[in-house]
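Heads up: the structure comes next, in structure tokens.
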Amino acid sequence: MNEQVNFRIGTGYDIHRLEVGRPLILGGIEIPFEKGLVGHSDADAVSHAVCDALLGAAALGDIGQHFPDTDPNYRGVSSLKFLERVLTLLKESNYQINNIDITIHAERPKLQNFKNAIKEKLAETLKISLTQINIKGKTNEGLDSVGRGEAIAVSAIALIYQTK
């Protein structure tokens, strides 16, 4: 049986300011740090970038369209809820996730010890295997707002597919 497969790729990007006294949530995991990301929801830049990558791959808009920061229902909510809804949208369109590649740009904190926990939480939320997610940490070598420790930025690429 020859089954036609429709592959689609999408990219996502998110950046949030860091502020003292807020929790730092990345990929649904709270990272011990003196600063956290500022945003309407939990400001989880990893989850936001992954949402946009998946939505973009499926041509389903963007995170702001589905979860606007003007909607009080999303104030303080876990961004894992956004990922769960995006997964539902993908399934309704008969798409499955092939893989996701994530780059976290942060001068501090060092994220090496948290990458596996983030992968596990994302895989659990998206109902995919750990081997379908890759996470890289990069610094900006002291350049721009990320390099000065004022922000954390995340980029993500997702490959999805649909069988016919």
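Residues in the structure tokens are named by chain (A, B, ... in the order shown) and by number from 1 within that chain; ligands are numbered from 1 in the order shown.
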For this session: Quick one: everything within 7 Å of range 38-55 of chain A, counting only C-alpha atoms, minus sequence neighbours fewer than 2 positions away in the same chain. Send it as a PyMOL selection string.
Result: chain A and resi 10-19+25-27+36+57-63+69+74-80+83+86+153-158
Based on the selection just made, write C-alpha atoms of those residues as a compact mmCIF listing (two decimals), in the first residue's frame.
# COMPACT_ATOMS: atom_id res chain seq x y z
CA GLY A 10 6.83 25.65 10.92
CA THR A 11 8.94 28.02 12.98
CA GLY A 12 8.22 29.76 16.25
CA TYR A 13 9.93 32.48 18.23
CA ASP A 14 9.23 34.14 21.56
CA ILE A 15 11.05 36.55 23.85
CA HIS A 16 10.10 37.81 27.30
CA ARG A 17 11.72 40.25 29.71
CA LEU A 18 13.15 38.92 32.95
CA GLU A 19 12.03 40.51 36.22
CA ILE A 25 8.92 28.72 33.79
CA LEU A 26 10.43 27.08 30.70
CA GLY A 27 8.70 24.16 29.00
CA GLY A 36 11.32 35.12 35.94
CA ALA A 57 3.32 24.21 10.25
CA ALA A 58 -0.39 23.44 10.10
CA ALA A 59 -1.29 26.93 8.76
CA LEU A 60 -3.53 27.47 11.80
CA GLY A 61 -2.51 31.01 12.69
CA ASP A 62 -0.44 31.99 15.70
CA ILE A 63 -0.49 31.94 19.47
CA ASP A 69 -3.11 38.54 25.92
CA TYR A 74 -5.41 33.45 30.04
CA ARG A 75 -3.98 35.63 32.82
CA GLY A 76 -1.46 33.56 34.77
CA VAL A 77 -2.49 30.29 33.09
CA SER A 78 0.06 27.54 32.43
CA SER A 79 1.21 27.65 28.82
CA LEU A 80 1.06 23.86 28.80
CA LEU A 83 0.13 23.28 23.96
CA VAL A 86 -2.71 23.24 19.84
CA ALA A 153 14.37 34.19 23.82
CA VAL A 154 13.36 30.85 22.33
CA SER A 155 13.20 29.62 18.75
CA ALA A 156 11.56 26.40 17.67
CA ILE A 157 11.10 24.41 14.47
CA ALA A 158 8.44 21.74 14.13
Problem set entry | Residues of range 17-159 of chain A in helix (DSSP H, G or I), written as a PyMOL selection string | chain A and resi 45-57+63-66+72-74+80-92+112-126+130-132+144-147
For this session: Identify which of the residues A:Ile97, A:Ile133, A:Val146, A:Ala117 lies closest to Ile29 in chain A, counting only C-alpha atoms when measuring atom-to-atom distances.
Result: A:Ala117
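With only C-alpha atoms as the atoms that count, the residue of A:Arg8, A:Lys121, A:Lys35, A:His66 with the shortest distance to Pro23 in chain A is A:Lys35.
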For this session: Would you list, as a count of residues only, the residues of chain A that end up in strand (DSSP E) under DSSP run on this structure's backbone?
Result: 54
Problem set entry | Test item: residues at most 12 Å from Ala123 in chain A, only C-alpha atoms, excluding those fewer than 3 positions along its chain, as an NGL selection string | :A and (27-28 or 47 or 50 or 80 or 83-84 or 87 or 97-100 or 116-120 or 126-135)
Taking N, CA and C atoms for each residue, export the selection above as a CSV table (one decimal), in the first residue's frame.
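After the write, again-v4.csv holds the following:
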chain,number,residue,atom,x,y,z
A,27,GLY,N,9.2,25.5,29.4
A,27,GLY,CA,8.7,24.2,29.0
A,27,GLY,C,7.9,23.5,30.1
A,28,GLY,N,7.2,24.3,30.9
A,28,GLY,CA,6.4,23.8,32.0
A,28,GLY,C,7.1,23.4,33.2
A,47,SER,N,7.2,27.1,25.6
A,47,SER,CA,5.9,26.6,25.2
A,47,SER,C,5.3,27.5,24.1
A,50,VAL,N,7.0,26.8,20.8
A,50,VAL,CA,6.6,25.6,20.2
A,50,VAL,C,5.2,25.7,19.7
A,80,LEU,N,1.3,25.3,29.2
A,80,LEU,CA,1.1,23.9,28.8
A,80,LEU,C,-0.4,23.7,28.3
A,83,LEU,N,-0.4,24.4,24.7
A,83,LEU,CA,0.1,23.3,24.0
A,83,LEU,C,-0.9,22.2,23.8
A,84,GLU,N,-1.7,21.9,24.9
A,84,GLU,CA,-2.7,20.9,24.8
A,84,GLU,C,-3.8,21.3,23.8
A,87,LEU,N,-2.4,20.9,20.3
A,87,LEU,CA,-2.4,19.4,19.9
A,87,LEU,C,-3.7,19.0,19.4
A,97,ILE,N,2.8,15.1,15.0
A,97,ILE,CA,4.1,15.7,15.2
A,97,ILE,C,5.2,14.7,14.8
A,98,ASN,N,6.1,15.1,13.9
A,98,ASN,CA,7.3,14.3,13.6
A,98,ASN,C,8.4,14.6,14.6
A,99,ASN,N,8.8,15.9,14.7
A,99,ASN,CA,9.8,16.3,15.7
A,99,ASN,C,9.8,17.8,15.9
A,100,ILE,N,10.4,18.2,17.0
A,100,ILE,CA,10.5,19.6,17.4
A,100,ILE,C,11.9,19.8,17.8
A,116,ASN,N,16.5,17.9,30.2
A,116,ASN,CA,15.8,16.6,30.2
A,116,ASN,C,14.4,16.7,30.9
A,117,ALA,N,14.3,17.5,31.9
A,117,ALA,CA,13.0,17.7,32.6
A,117,ALA,C,12.0,18.4,31.7
A,118,ILE,N,12.6,19.4,30.9
A,118,ILE,CA,11.8,20.2,30.0
A,118,ILE,C,11.3,19.2,28.9
A,119,LYS,N,12.2,18.4,28.3
A,119,LYS,CA,11.9,17.5,27.3
A,119,LYS,C,10.8,16.5,27.7
A,120,GLU,N,10.9,16.0,29.0
A,120,GLU,CA,9.9,15.1,29.5
A,120,GLU,C,8.6,15.7,29.6
A,126,LEU,N,2.5,16.8,24.8
A,126,LEU,CA,2.2,16.7,23.4
A,126,LEU,C,2.0,15.2,23.0
A,127,LYS,N,2.1,14.3,24.0
A,127,LYS,CA,1.9,12.9,23.7
A,127,LYS,C,2.8,12.3,22.6
A,128,ILE,N,4.1,12.7,22.7
A,128,ILE,CA,5.1,12.2,21.8
A,128,ILE,C,6.3,11.6,22.6
A,129,SER,N,7.2,11.0,21.9
A,129,SER,CA,8.4,10.4,22.6
A,129,SER,C,9.5,11.4,22.8
A,130,LEU,N,10.3,11.2,23.8
A,130,LEU,CA,11.5,12.0,24.1
A,130,LEU,C,12.4,12.2,22.8
A,131,THR,N,12.5,11.2,22.0
A,131,THR,CA,13.3,11.2,20.8
A,131,THR,C,12.8,12.2,19.8
A,132,GLN,N,11.6,12.7,19.9
A,132,GLN,CA,11.0,13.6,19.0
A,132,GLN,C,11.2,15.1,19.4
A,133,ILE,N,11.9,15.3,20.4
A,133,ILE,CA,12.2,16.6,20.9
A,133,ILE,C,13.7,16.8,21.1
A,134,ASN,N,14.2,17.9,20.7
A,134,ASN,CA,15.6,18.3,20.9
A,134,ASN,C,15.7,19.7,21.5
A,135,ILE,N,16.5,19.9,22.5
A,135,ILE,CA,16.6,21.2,23.2
A,135,ILE,C,18.1,21.6,23.2
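CA of Asn140 in chain A is found 19.0 Å from CA of Phe114 in chain A.
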Problem set entry | Selection near Gly149 in chain A, 8 Å with only C-alpha atoms, sequence-local residues under 3 positions removed, as a PyMOL selection string | chain A and resi 18+106-108+145-146+152
Exercise. Distance CA of Leu37 in chain A-CA of Ile104 in chain A, one decimal place?
Worked result: 13.2 Å
